[in-house]
file protein.cif (mmCIF, C-alpha atoms)
data_input
#
loop_
_atom_site.label_atom_id
_atom_site.label_comp_id
_atom_site.auth_asym_id
_atom_site.auth_seq_id
_atom_site.Cartn_x
_atom_site.Cartn_y
_atom_site.Cartn_z
CA MET A 1 0.00 0.00 0.00
CA VAL A 2 2.84 2.41 0.81
CA ARG A 3 4.38 1.83 -2.62
CA GLU A 4 1.01 2.46 -4.31
CA LEU A 5 0.50 5.68 -2.39
CA SER A 6 3.90 6.89 -3.54
CA THR A 7 2.87 6.73 -7.22
CA VAL A 8 3.07 10.20 -8.79
CA LEU A 9 0.05 11.32 -10.80
CA ASP A 10 0.28 13.11 -14.17
CA LEU A 11 -0.53 16.56 -12.81
CA ASP A 12 0.97 19.73 -14.21
CA ASP A 13 1.93 22.64 -11.97
CA SER A 14 -1.18 24.67 -12.71
CA VAL A 15 -3.48 21.81 -11.61
CA VAL A 16 -1.48 21.28 -8.43
CA ALA A 17 -1.70 25.02 -7.69
CA ARG A 18 -5.48 24.99 -8.18
CA LEU A 19 -5.82 21.90 -5.93
CA ARG A 20 -3.67 23.54 -3.27
CA ALA A 21 -5.79 26.67 -3.43
CA GLN A 22 -8.83 24.48 -2.79
CA LEU A 23 -7.38 23.06 0.47
CA PRO A 24 -8.91 25.60 2.92
CA GLN A 25 -12.39 25.12 1.49
CA ALA A 26 -11.98 21.32 1.35
CA ALA A 27 -10.87 21.25 5.01
CA SER A 28 -13.72 23.52 6.10
CA GLN A 29 -16.29 21.48 4.18
CA THR A 30 -14.86 18.26 5.63
CA VAL A 31 -15.15 19.45 9.24
CA ALA A 32 -18.66 20.76 8.64
CA ALA A 33 -19.74 17.42 7.17
CA ILE A 34 -18.22 15.50 10.10
CA ILE A 35 -20.03 17.71 12.61
CA ALA A 36 -23.29 17.21 10.73
CA GLU A 37 -23.00 13.46 10.12
CA VAL A 38 -21.05 12.05 13.09
CA PRO A 39 -23.04 12.69 16.30
CA ALA A 40 -20.08 11.97 18.60
CA TYR A 41 -18.27 14.99 17.19
CA THR A 42 -21.20 17.42 17.06
CA THR A 43 -20.00 19.31 20.14
CA ALA A 44 -16.41 18.04 20.31
CA LEU A 45 -15.44 19.84 17.09
CA GLY A 46 -17.09 23.13 17.94
CA GLY A 47 -15.20 26.28 18.98
CA PRO A 48 -11.39 26.25 19.26
CA MET A 49 -11.28 22.47 18.91
CA GLY A 50 -13.01 22.72 15.53
CA VAL A 51 -10.42 25.24 14.36
CA ARG A 52 -7.54 22.96 15.36
CA ILE A 53 -9.17 19.96 13.69
CA GLU A 54 -9.77 21.98 10.52
CA ASP A 55 -6.06 22.92 10.47
CA SER A 56 -5.15 19.24 10.93
CA VAL A 57 -7.44 18.19 8.09
CA GLN A 58 -5.90 20.83 5.84
CA LEU A 59 -2.40 19.59 6.66
CA ALA A 60 -3.44 15.99 5.94
CA LEU A 61 -4.90 16.97 2.57
CA ALA A 62 -1.78 18.98 1.76
CA GLY A 63 0.26 15.83 2.47
CA LEU A 64 -1.95 13.96 0.03
CA LEU A 65 -1.29 16.54 -2.66
CA ARG A 66 2.47 16.41 -2.05
CA LEU A 67 2.28 12.66 -2.29
CA ALA A 68 0.37 12.84 -5.57
CA SER A 69 2.25 15.63 -7.32
CA ARG A 70 5.97 14.86 -6.99
CA PRO A 71 8.32 11.96 -6.18
CA VAL A 72 9.06 12.73 -2.53
CA GLY A 73 9.18 9.13 -1.28
CA ASN A 74 7.13 8.15 1.74
CA THR A 75 7.91 11.14 3.98
CA PRO A 76 4.44 12.77 3.63
CA LEU A 77 2.80 9.44 4.30
CA ARG A 78 4.95 8.78 7.38
CA ARG A 79 4.06 12.15 8.85
CA ALA A 80 0.38 11.65 8.17
CA LEU A 81 0.44 8.12 9.60
CA HIS A 82 2.16 9.37 12.74
CA ALA A 83 -0.51 12.04 13.20
CA ALA A 84 -3.30 9.50 12.58
CA TYR A 85 -1.72 7.07 15.07
CA ALA A 86 -1.66 9.84 17.68
CA LEU A 87 -5.27 10.72 16.88
CA GLY A 88 -6.36 7.13 17.55
CA GLY A 89 -4.48 7.15 20.85
CA GLY A 90 -6.21 10.40 21.79
CA GLU A 91 -9.60 8.81 21.18
CA ALA A 92 -8.70 5.98 23.56
CA ARG A 93 -7.57 8.43 26.24
CA GLN A 94 -10.91 10.22 25.91
CA GLY A 95 -12.69 6.93 26.53
CA ARG A 96 -14.13 6.70 23.01
CA GLY A 97 -14.13 3.74 20.66
CA MET A 98 -13.08 3.88 17.01
CA ASP A 99 -16.52 3.97 15.40
CA ALA A 100 -16.81 7.76 15.41
CA LEU A 101 -13.30 8.37 14.11
CA LEU A 102 -13.63 5.82 11.30
CA ALA A 103 -16.97 7.37 10.34
CA ALA A 104 -15.25 10.76 10.28
CA TYR A 105 -12.55 9.37 7.97
CA ARG A 106 -15.22 8.04 5.59
CA VAL A 107 -17.01 11.38 5.55
CA GLY A 108 -13.69 13.17 5.06
CA ALA A 109 -12.75 10.98 2.11
CA ARG A 110 -16.07 11.61 0.41
CA VAL A 111 -16.01 15.39 0.90
CA ALA A 112 -12.33 15.76 0.01
CA TRP A 113 -12.78 13.84 -3.21
CA ARG A 114 -15.86 15.90 -4.10
CA GLU A 115 -13.84 19.11 -3.76
CA PHE A 116 -10.80 17.74 -5.60
CA ALA A 117 -12.94 16.16 -8.32
CA ALA A 118 -14.41 19.56 -9.18
CA VAL A 119 -10.90 20.86 -9.84
CA ALA A 120 -9.98 17.70 -11.82
CA VAL A 121 -13.03 18.04 -14.05
CA ALA A 122 -12.40 21.76 -14.62
CA ALA A 123 -8.77 21.00 -15.50
CA GLU A 124 -9.95 18.33 -17.98
CA LEU A 125 -7.71 15.61 -16.51
CA SER A 126 -7.78 12.35 -18.41
CA ALA A 127 -10.11 9.63 -17.23
CA ARG A 128 -7.11 7.45 -16.29
CA THR A 129 -5.50 10.18 -14.17
CA THR A 130 -8.82 11.06 -12.52
CA ALA A 131 -9.40 7.40 -11.63
CA GLN A 132 -5.86 7.14 -10.23
CA PHE A 133 -6.45 10.29 -8.20
CA ALA A 134 -9.68 8.84 -6.74
CA GLU A 135 -7.92 5.59 -5.85
CA LEU A 136 -5.12 7.54 -4.19
CA VAL A 137 -7.55 9.59 -2.07
CA PHE A 138 -9.40 6.55 -0.72
CA ALA A 139 -6.24 4.46 -0.29
CA TYR A 140 -4.72 7.36 1.67
CA ILE A 141 -7.76 7.51 3.95
CA ASP A 142 -7.60 3.73 4.46
CA GLU A 143 -3.96 4.06 5.55
CA LEU A 144 -4.85 6.84 7.99
CA SER A 145 -7.75 4.77 9.36
CA ALA A 146 -5.51 1.75 9.89
CA ALA A 147 -2.90 3.89 11.66
CA SER A 148 -5.55 5.35 13.98
CA VAL A 149 -6.87 1.88 14.81
CA SER A 150 -3.34 0.81 15.73
CA GLY A 151 -2.85 3.90 17.88
CA HIS A 152 -6.16 3.30 19.64
CA ALA A 153 -5.33 -0.35 20.37
CA ALA A 154 -1.83 0.49 21.59
CA GLU A 155 -3.12 3.18 23.93
CA LEU A 156 -5.75 0.84 25.35
CA GLU A 157 -3.14 -1.84 25.96
CA THR A 158 -0.72 0.61 27.56
CA SER A 159 -3.34 2.34 29.70
CA GLY A 160 -4.85 -1.02 30.63
CA ARG A 161 -1.50 -2.31 31.87
CA LEU A 162 -0.87 0.92 33.73
CA HIS A 163 -4.36 0.84 35.25
CA GLN A 164 -3.86 -2.77 36.33
CA ARG A 165 -0.48 -1.94 37.88
CA HIS A 166 -2.05 0.91 39.85
CA ARG A 167 -4.82 -1.38 41.11
CA GLU A 168 -2.32 -4.08 42.09
CA LYS A 169 -0.22 -1.50 43.92
CA LEU A 170 -3.33 -0.32 45.75
CA ALA A 171 -4.23 -3.89 46.71
CA ARG A 172 -0.70 -4.51 47.99
CA GLY A 173 -0.85 -1.29 50.00
CA LEU A 174 -4.15 -2.31 51.56
CA LEU A 175 -2.81 -5.73 52.54
CA ALA A 176 0.33 -4.12 53.96
CA GLY A 177 -1.76 -1.77 56.11
CA GLU A 178 -0.39 1.47 54.64
CA PRO A 179 -1.61 4.79 56.13
CA ALA A 180 -5.02 6.04 55.02
CA ASP A 181 -3.59 9.09 53.20
CA ALA A 182 -1.31 6.89 51.10
CA LEU A 183 -4.19 4.54 50.34
CA ARG A 184 -6.46 7.37 49.23
CA ALA A 185 -3.73 8.67 46.90
CA ALA A 186 -3.21 5.18 45.49
CA ALA A 187 -6.96 4.79 44.96
CA GLU A 188 -7.05 8.07 43.04
CA ARG A 189 -4.16 6.98 40.80
CA ALA A 190 -5.96 3.71 40.12
CA ALA A 191 -9.22 5.55 39.31
CA TRP A 192 -10.81 3.32 41.96
CA ARG A 193 -13.66 4.65 44.07
CA PRO A 194 -13.33 3.40 47.66
CA PRO A 195 -16.39 1.45 48.88
CA ASP A 196 -17.60 1.37 52.47
CA THR A 197 -16.12 -2.06 53.17
CA LEU A 198 -13.82 -4.66 51.67
CA THR A 199 -13.88 -8.41 52.25
CA ALA A 200 -10.77 -10.49 51.60
CA VAL A 201 -11.35 -13.73 49.70
CA LEU A 202 -8.26 -15.93 49.81
CA LEU A 203 -8.12 -18.44 46.96
CA ILE A 204 -5.81 -21.40 47.43
CA ASP A 205 -5.21 -23.32 44.22
CA GLY A 206 -8.41 -21.75 42.90
CA GLN A 207 -8.86 -20.24 39.46
CA VAL A 208 -9.24 -16.48 39.62
CA HIS A 209 -10.88 -16.22 36.18
CA ARG A 210 -13.70 -18.47 37.43
CA VAL A 211 -14.31 -16.25 40.43
CA LEU A 212 -14.11 -12.73 38.96
CA PRO A 213 -17.50 -12.97 37.17
CA LEU A 214 -19.06 -13.63 40.59
CA VAL A 215 -17.89 -10.42 42.25
CA ASP A 216 -18.20 -6.66 41.89
CA PRO A 217 -16.19 -5.13 38.99
CA GLY A 218 -14.45 -2.91 41.54
CA THR A 219 -12.85 -5.97 43.16
CA LEU A 220 -9.09 -5.67 43.58
CA VAL A 221 -6.99 -8.73 42.76
CA LEU A 222 -3.50 -9.62 43.86
CA ALA A 223 -1.80 -12.86 42.89
CA ASP A 224 1.61 -14.25 43.85
CA ASP A 225 3.95 -12.88 46.53
CA LEU A 226 1.05 -12.43 48.91
CA PRO A 227 2.07 -10.55 52.09
CA GLY A 228 2.35 -12.70 55.21
CA VAL A 229 2.59 -15.99 53.35
CA ASP A 230 5.73 -18.10 53.55
CA ALA A 231 6.84 -21.70 53.54
CA GLY A 232 6.50 -21.85 57.32
CA ALA A 233 2.79 -21.17 57.02
CA GLY A 234 2.12 -24.47 55.33
CA GLY A 235 4.09 -24.36 52.10
CA THR A 236 4.22 -22.00 49.15
CA LEU A 237 0.81 -20.49 48.54
CA GLU A 238 -0.32 -20.69 44.94
CA GLY A 239 -3.38 -18.58 44.72
CA ALA A 240 -4.67 -15.05 44.97
CA VAL A 241 -6.54 -12.66 47.21
CA LEU A 242 -9.62 -10.74 46.08
CA LEU A 243 -10.74 -7.62 47.94
CA VAL A 244 -14.49 -7.51 47.29
CA PRO A 245 -16.41 -4.25 47.87
CA ASP A 246 -19.51 -3.97 50.08
CA LEU A 247 -20.29 -7.67 50.56
CA ASP A 248 -23.40 -7.78 52.77
CA ARG A 249 -24.73 -10.95 54.42
CA LEU A 250 -26.98 -11.91 51.51
CA ALA A 251 -24.27 -11.29 48.91
CA ARG A 252 -21.79 -13.12 51.12
CA ASP A 253 -24.00 -16.22 51.22
CA ARG A 254 -24.49 -16.10 47.45
CA LEU A 255 -20.77 -15.76 46.86
CA THR A 256 -19.99 -18.65 49.22
CA ARG A 257 -22.36 -20.94 47.31
CA ALA A 258 -21.06 -19.78 43.93
CA LEU A 259 -17.46 -20.23 45.02
CA ALA A 260 -18.20 -23.77 46.12
CA ALA A 261 -19.49 -24.48 42.63
CA ARG A 262 -16.78 -22.70 40.64
CA ALA A 263 -13.58 -22.12 42.61
CA GLN A 264 -12.36 -25.75 42.37
CA GLY A 265 -10.00 -25.17 45.29
CA HIS A 266 -9.91 -23.80 48.81
CA ALA A 267 -11.45 -20.38 49.35
CA LEU A 268 -11.53 -18.54 52.67
CA LEU A 269 -13.61 -15.42 53.29
CA GLY A 270 -12.49 -12.89 55.86
CA PRO A 271 -14.88 -10.47 57.56
CA ALA A 272 -16.09 -7.21 56.00
CA ARG A 273 -13.98 -4.32 57.22
CA PRO A 274 -13.80 -0.57 56.41
CA TRP A 275 -11.99 -0.38 53.10
CA ALA A 276 -8.79 1.17 54.51
CA ARG A 277 -8.62 -1.69 57.06
CA ALA A 278 -8.85 -4.50 54.51
CA ARG A 279 -5.66 -5.92 56.00
CA ALA A 280 -7.68 -7.10 59.03
CA SER A 281 -9.99 -9.13 56.78
CA TYR A 282 -7.02 -10.62 54.95
CA GLU A 283 -5.24 -11.54 58.18
CA ARG A 284 -8.36 -13.32 59.43
CA ALA A 285 -8.46 -15.45 56.27
CA LEU A 286 -4.73 -16.18 56.65
CA ARG A 287 -5.19 -17.28 60.25
CA ALA A 288 -7.98 -19.63 59.20
CA ARG A 289 -5.65 -21.16 56.65
CA ARG A 290 -2.81 -21.54 59.13
CA LEU A 291 -5.14 -23.22 61.63
CA ARG A 292 -6.11 -25.61 58.85
CA ILE A 293 -9.78 -24.86 59.20
CA ALA A 294 -9.84 -25.60 55.48
CA ALA A 295 -9.77 -29.39 55.24
CA SER A 296 -7.79 -31.39 52.71
CA ALA A 297 -10.70 -31.59 50.28
CA PRO A 298 -11.46 -28.34 48.36
CA GLN A 299 -14.10 -26.31 50.15
CA VAL A 300 -15.20 -22.75 50.86
CA ILE A 301 -14.81 -21.48 54.41
CA ASP A 302 -16.54 -18.37 55.73
CA THR A 303 -14.47 -17.35 58.75
CA GLU A 304 -17.54 -15.70 60.27
CA ASP A 305 -18.82 -19.23 60.92
CA HIS A 306 -15.61 -20.28 62.71
CA LEU A 307 -14.94 -17.46 65.16
CA ALA A 308 -14.63 -19.69 68.22
CA GLU A 309 -12.09 -21.93 66.48
CA LEU A 310 -10.10 -18.90 65.39
CA ILE A 311 -10.05 -17.44 68.90
CA ILE A 312 -9.14 -20.71 70.59
CA GLY A 313 -6.51 -21.64 68.01
CA ARG A 314 -4.78 -18.30 67.67
CA ASP A 315 -1.85 -19.46 69.86
CA PRO A 316 -1.71 -23.28 69.74
CA GLU A 317 1.20 -23.48 72.16
CA ALA A 318 -0.57 -21.31 74.72
CA LEU A 319 -3.68 -23.48 74.34
CA ALA A 320 -1.62 -26.63 74.94
CA ASP A 321 -0.02 -25.06 78.02
CA LEU A 322 -3.44 -24.01 79.35
CA ARG A 323 -4.83 -27.48 78.83
CA ALA A 324 -1.86 -29.10 80.63
CA GLN A 325 -2.15 -26.62 83.49
CA LEU A 326 -5.88 -27.10 84.02
CA LEU A 327 -5.77 -30.89 83.69
CA ALA A 328 -2.87 -31.18 86.12
CA PRO A 329 -5.19 -32.55 88.89
CA LEU A 330 -5.69 -35.63 86.65
CA ALA A 331 -1.99 -36.30 86.26
CA GLY A 332 -1.91 -38.93 89.01
CA LEU A 333 -4.52 -41.11 87.32
CA SER A 334 -4.00 -43.75 84.67
CA PRO A 335 -4.19 -42.41 81.10
CA ALA A 336 -7.54 -44.13 80.53
CA ALA A 337 -9.05 -42.80 83.76
CA ALA A 338 -7.71 -39.29 83.08
CA GLU A 339 -9.22 -39.35 79.58
CA ARG A 340 -12.62 -40.46 80.93
CA LEU A 341 -12.70 -37.70 83.52
CA ALA A 342 -11.51 -35.08 81.00
CA ASP A 343 -14.30 -36.12 78.62
CA THR A 344 -16.82 -35.94 81.44
CA LEU A 345 -15.59 -32.52 82.51
CA GLY A 346 -15.85 -31.29 78.92
CA ALA A 347 -19.41 -32.60 78.60
CA TRP A 348 -20.31 -31.06 81.95
CA LEU A 349 -19.18 -27.67 80.68
CA LEU A 350 -20.85 -28.09 77.30
CA HIS A 351 -24.22 -29.18 78.69
CA GLN A 352 -24.11 -26.81 81.65
CA GLY A 353 -24.18 -29.56 84.26
CA ARG A 354 -27.39 -31.25 83.05
CA ARG A 355 -26.72 -34.84 84.03
CA ASP A 356 -29.08 -36.56 81.60
CA ARG A 357 -27.65 -34.69 78.63
CA ILE A 358 -24.11 -35.40 79.77
CA ALA A 359 -24.91 -39.11 80.13
CA SER A 360 -26.48 -39.17 76.67
CA ALA A 361 -23.49 -37.44 75.11
CA LEU A 362 -21.05 -39.88 76.81
CA PHE A 363 -23.25 -42.98 76.32
CA VAL A 364 -23.17 -43.75 80.05
CA HIS A 365 -25.72 -43.96 82.88
CA PRO A 366 -26.55 -40.72 84.75
CA GLN A 367 -25.28 -42.37 87.94
CA THR A 368 -21.91 -42.82 86.22
CA VAL A 369 -21.90 -39.11 85.53
CA ARG A 370 -22.65 -38.42 89.21
CA TYR A 371 -19.81 -40.73 90.28
CA ARG A 372 -17.29 -39.17 87.89
CA MET A 373 -18.26 -35.66 88.85
CA GLY A 374 -17.77 -36.64 92.47
CA GLN A 375 -14.24 -37.65 91.60
CA LEU A 376 -13.68 -34.36 89.78
CA ARG A 377 -15.00 -32.43 92.78
CA GLU A 378 -12.49 -34.20 94.97
CA LEU A 379 -9.65 -33.40 92.56
CA TYR A 380 -10.58 -29.76 91.80
CA GLY A 381 -12.38 -28.76 94.98
CA ASP A 382 -14.32 -25.50 94.84
CA ARG A 383 -12.37 -24.37 91.73
CA LEU A 384 -15.23 -25.81 89.65
CA ASP A 385 -17.43 -23.07 91.11
CA ASP A 386 -14.99 -20.33 90.14
CA PRO A 387 -16.20 -18.56 86.93
CA SER A 388 -12.63 -17.81 85.79
CA THR A 389 -11.65 -21.48 86.17
CA VAL A 390 -14.76 -22.63 84.32
CA LEU A 391 -14.03 -20.17 81.50
CA ALA A 392 -10.43 -21.38 81.25
CA LEU A 393 -11.57 -25.03 81.25
CA SER A 394 -14.12 -24.24 78.52
CA ILE A 395 -11.38 -22.78 76.35
CA ALA A 396 -8.89 -25.54 77.15
CA LEU A 397 -11.37 -28.32 76.44
CA GLY A 398 -12.73 -26.62 73.32
CA THR A 399 -16.27 -25.88 74.57
CA PRO A 400 -17.99 -22.49 74.27
CA SER A 401 -20.06 -22.71 77.48
CA THR A 402 -19.67 -20.42 80.47
CA ALA A 403 -19.97 -20.96 84.19
CA ALA A 404 -23.36 -19.30 84.32
CA ASP A 405 -26.69 -21.01 84.45
CA ARG A 406 -25.53 -24.64 84.76
CA GLY A 407 -28.92 -25.70 86.13
CA ASP A 408 -30.19 -27.41 89.24
CA GLU A 409 -28.74 -30.76 88.22
CA ALA A 410 -25.10 -29.73 88.60
CA ALA A 411 -23.39 -32.95 89.62
CA GLY A 412 -21.44 -33.23 92.86
#
call {"tool": "encode", "arguments": {"input": "protein.cif", "output": "structure tokens"}}
result
Amino acid sequence: MVRELSTVLDLDDSVVARLRAQLPQAASQTVAAIIAEVPAYTTALGGPMGVRIEDSVQLALAGLLRLASRPVGNTPLRRALHAAYALGGGEARQGRGMDALLAAYRVGARVAWREFAAVAVAAELSARTTAQFAELVFAYIDELSAASVSGHAAELETSGRLHQRHREKLARGLLAGEPADALRAAAERAAWRPPDTLTAVLLIDGQVHRVLPLVDPGTLVLADDLPGVDAGAGGTLEGAVLLVPDLDRLARDRLTRALAARAQGHALLGPARPWARARASYERALRARRLRIAASAPQVIDTEDHLAELIIGRDPEALADLRAQLLAPLAGLSPAAAERLADTLGAWLLHQGRRDRIASALFVHPQTVRYRMGQLRELYGDRLDDPSTVLALSIALGTPSTAADRGDEAAG
């Protein structure tokens, strides 16, 4: 195409001069036609902008005439293509597609040829030269259109990568707990409007592309090199974290069900937190992973349904020490006897001292419960009536009950 556009037409100097004199009118008529026929440019090309565009059109048409009238190589075409490429990029930066610009090129080609054809007819150019001139005009416009399309695509790709980098940087800042001022600045750079809350969704071996259609378009995504994850936390984490905006209870339940169907891997949901405190939601999901609340089989875990486990398991060594300390009175018994009494004590706490329920849970006779509790009373004394001891035993034995309201059937 470049070689064809470089073909010199059989135009004498007087015809070229008349065509060049027609440039201002051709440019003005072209802009007027674009404004009238391309709605997207009706207001955009008015005022000072219209004047600048008219000058640009006149320069482009002058390049066409230089290309047609003398052997100057491809320099005019290169300059025009560069300008058209930049024009396409400008359309992308303005958030417009290519439809309007391509329509404008078509209108421009038609109007420019109409103006130039009038001069060609008046100059009595041969039919062959006139046909070559028409081909050159429309081939030139096709080249400009193609250059603009390339510029538009390149700008979208560049701005898309830049936009994605800004969003990833924002997500990393949120997970790192950066100051609110820094987060607001990062959100502005990413053109991201902060929601009221963010919920961290930690995907382990899940497929992000399966999950993204399920969440708000404003969701931030960060994959690989996740903060706070290392080999000591259970191996290298291959997954991603999603920060989902404004996930209320109903939406949370829907997402949990959808994740179970699509994620094909572990997924852990942290709590909803004010957007600048998204780190807290992420850390909750990480703790659930470290405590292995997620079983070996792929499943979706909502940490809001496992708060007691998270609290009890936050410091496993401290929990083990507490358990050993509180079960010290059983140390002098045989392992089997100690286990039976520990189970009975745990059931007593869980069922608030109701002997029949304890017996049912342990598959023993209520009198056996009474006998065992008598033993425990001898070993612990009045400590079993101390609310702080009962609370500590409840935590150590993994039961959520308290010392209050154990009922009239408290054994012992």
call {"tool": "atom_distance", "arguments": {"input": "protein.cif", "atom1": "atom CA of A:Ser159", "atom2": "atom CA of A:Arg93"}}
result
8.2 Å
call {"tool": "atom_distance", "arguments": {"input": "protein.cif", "atom1": "atom CA of A:Val369", "atom2": "atom CA of A:Ala336"}}
result
16.0 Å
call {"tool": "atom_distance", "arguments": {"input": "protein.cif", "atom1": "atom CA of A:Val201", "atom2": "atom CA of A:Tyr282"}}
result
7.5 Å
call {"tool": "closest_atom_pairs", "arguments": {"input": "protein.cif", "of": "stretch 142-208 of chain A", "to": "stretch 239-247 of chain A", "cutoff": "10 Å", "atoms": "only C-alpha atoms", "output": "JSON lines"}}
result
{"residue": "A:Ala171", "atom": "CA", "partner": "A:Leu243", "partner_atom": "CA", "distance": 7.6}
{"residue": "A:Leu174", "atom": "CA", "partner": "A:Leu243", "partner_atom": "CA", "distance": 9.2}
{"residue": "A:Leu175", "atom": "CA", "partner": "A:Leu243", "partner_atom": "CA", "distance": 9.4}
{"residue": "A:Pro194", "atom": "CA", "partner": "A:Pro245", "partner_atom": "CA", "distance": 8.2}
{"residue": "A:Pro195", "atom": "CA", "partner": "A:Pro245", "partner_atom": "CA", "distance": 5.8}
{"residue": "A:Asp196", "atom": "CA", "partner": "A:Asp246", "partner_atom": "CA", "distance": 6.2}
{"residue": "A:Thr197", "atom": "CA", "partner": "A:Asp246", "partner_atom": "CA", "distance": 5.0}
{"residue": "A:Leu198", "atom": "CA", "partner": "A:Pro245", "partner_atom": "CA", "distance": 4.6}
{"residue": "A:Thr199", "atom": "CA", "partner": "A:Val244", "partner_atom": "CA", "distance": 5.1}
{"residue": "A:Ala200", "atom": "CA", "partner": "A:Leu243", "partner_atom": "CA", "distance": 4.7}
{"residue": "A:Val201", "atom": "CA", "partner": "A:Leu242", "partner_atom": "CA", "distance": 5.0}
{"residue": "A:Leu202", "atom": "CA", "partner": "A:Val241", "partner_atom": "CA", "distance": 4.5}
{"residue": "A:Leu203", "atom": "CA", "partner": "A:Ala240", "partner_atom": "CA", "distance": 5.2}
{"residue": "A:Ile204", "atom": "CA", "partner": "A:Gly239", "partner_atom": "CA", "distance": 4.6}
{"residue": "A:Asp205", "atom": "CA", "partner": "A:Gly239", "partner_atom": "CA", "distance": 5.1}
{"residue": "A:Gly206", "atom": "CA", "partner": "A:Gly239", "partner_atom": "CA", "distance": 6.2}
{"residue": "A:Gln207", "atom": "CA", "partner": "A:Gly239", "partner_atom": "CA", "distance": 7.8}
{"residue": "A:Val208", "atom": "CA", "partner": "A:Ala240", "partner_atom": "CA", "distance": 7.2}
call {"tool": "write_last_selection", "arguments": {"input": "protein.cif", "atoms": "C-alpha atoms", "output": "PDB file, in the coordinates of the input"}}
result
ATOM      1  CA  ALA A 171      -4.230  -3.890  46.710  1.00  0.00           C
ATOM      2  CA  LEU A 174      -4.150  -2.310  51.560  1.00  0.00           C
ATOM      3  CA  LEU A 175      -2.810  -5.730  52.540  1.00  0.00           C
ATOM      4  CA  PRO A 194     -13.330   3.400  47.660  1.00  0.00           C
ATOM      5  CA  PRO A 195     -16.390   1.450  48.880  1.00  0.00           C
ATOM      6  CA  ASP A 196     -17.600   1.370  52.470  1.00  0.00           C
ATOM      7  CA  THR A 197     -16.120  -2.060  53.170  1.00  0.00           C
ATOM      8  CA  LEU A 198     -13.820  -4.660  51.670  1.00  0.00           C
ATOM      9  CA  THR A 199     -13.880  -8.410  52.250  1.00  0.00           C
ATOM     10  CA  ALA A 200     -10.770 -10.490  51.600  1.00  0.00           C
ATOM     11  CA  VAL A 201     -11.350 -13.730  49.700  1.00  0.00           C
ATOM     12  CA  LEU A 202      -8.260 -15.930  49.810  1.00  0.00           C
ATOM     13  CA  LEU A 203      -8.120 -18.440  46.960  1.00  0.00           C
ATOM     14  CA  ILE A 204      -5.810 -21.400  47.430  1.00  0.00           C
ATOM     15  CA  ASP A 205      -5.210 -23.320  44.220  1.00  0.00           C
ATOM     16  CA  GLY A 206      -8.410 -21.750  42.900  1.00  0.00           C
ATOM     17  CA  GLN A 207      -8.860 -20.240  39.460  1.00  0.00           C
ATOM     18  CA  VAL A 208      -9.240 -16.480  39.620  1.00  0.00           C
TER      19      VAL A 208
END
call {"tool": "axis_aligned_box", "arguments": {"input": "protein.cif", "around": "stretch 317-326 of chain A", "padding_each_side": "4 Å", "output": "AutoDock Vina command-line options"}}
result
--center_x -2.3 --center_y -25.2 --center_z 78.1 --size_x 15.1 --size_y 15.8 --size_z 19.9
call {"tool": "resolve_selection", "arguments": {"input": "protein.cif", "expression": "the PyMOL selection byres ((chain A and resi 283) around 12)", "output": "JSON list (two decimals) with C-alpha atoms, in the coordinates of the input"}}
result
[["chain", "number", "residue", "atom", "x", "y", "z"],
["A", 174, "LEU", "CA", -4.15, -2.31, 51.56],
["A", 175, "LEU", "CA", -2.81, -5.73, 52.54],
["A", 176, "ALA", "CA", 0.33, -4.12, 53.96],
["A", 177, "GLY", "CA", -1.76, -1.77, 56.11],
["A", 199, "THR", "CA", -13.88, -8.41, 52.25],
["A", 200, "ALA", "CA", -10.77, -10.49, 51.60],
["A", 201, "VAL", "CA", -11.35, -13.73, 49.70],
["A", 202, "LEU", "CA", -8.26, -15.93, 49.81],
["A", 226, "LEU", "CA", 1.05, -12.43, 48.91],
["A", 227, "PRO", "CA", 2.07, -10.55, 52.09],
["A", 228, "GLY", "CA", 2.35, -12.70, 55.21],
["A", 229, "VAL", "CA", 2.59, -15.99, 53.35],
["A", 241, "VAL", "CA", -6.54, -12.66, 47.21],
["A", 268, "LEU", "CA", -11.53, -18.54, 52.67],
["A", 269, "LEU", "CA", -13.61, -15.42, 53.29],
["A", 270, "GLY", "CA", -12.49, -12.89, 55.86],
["A", 271, "PRO", "CA", -14.88, -10.47, 57.56],
["A", 272, "ALA", "CA", -16.09, -7.21, 56.00],
["A", 273, "ARG", "CA", -13.98, -4.32, 57.22],
["A", 277, "ARG", "CA", -8.62, -1.69, 57.06],
["A", 278, "ALA", "CA", -8.85, -4.50, 54.51],
["A", 279, "ARG", "CA", -5.66, -5.92, 56.00],
["A", 280, "ALA", "CA", -7.68, -7.10, 59.03],
["A", 281, "SER", "CA", -9.99, -9.13, 56.78],
["A", 282, "TYR", "CA", -7.02, -10.62, 54.95],
["A", 284, "ARG", "CA", -8.36, -13.32, 59.43],
["A", 285, "ALA", "CA", -8.46, -15.45, 56.27],
["A", 286, "LEU", "CA", -4.73, -16.18, 56.65],
["A", 287, "ARG", "CA", -5.19, -17.28, 60.25],
["A", 288, "ALA", "CA", -7.98, -19.63, 59.20],
["A", 289, "ARG", "CA", -5.65, -21.16, 56.65],
["A", 290, "ARG", "CA", -2.81, -21.54, 59.13],
["A", 303, "THR", "CA", -14.47, -17.35, 58.75],
["A", 310, "LEU", "CA", -10.10, -18.90, 65.39],
["A", 314, "ARG", "CA", -4.78, -18.30, 67.67]]
call {"tool": "resolve_selection", "arguments": {"input": "protein.cif", "expression": "the PyMOL selection byres ((chain A and resi 107) around 8)", "output": "NGL selection string"}}
result
:A and (30 or 33-34 or 37 or 103-106 or 108-111)
call {"tool": "resolve_selection", "arguments": {"input": "protein.cif", "expression": "the PyMOL selection byres ((chain A and resi 164) around 12)", "output": "ChimeraX atom specification"}}
result
/A:156-163,165-171,187,189-192,218-222
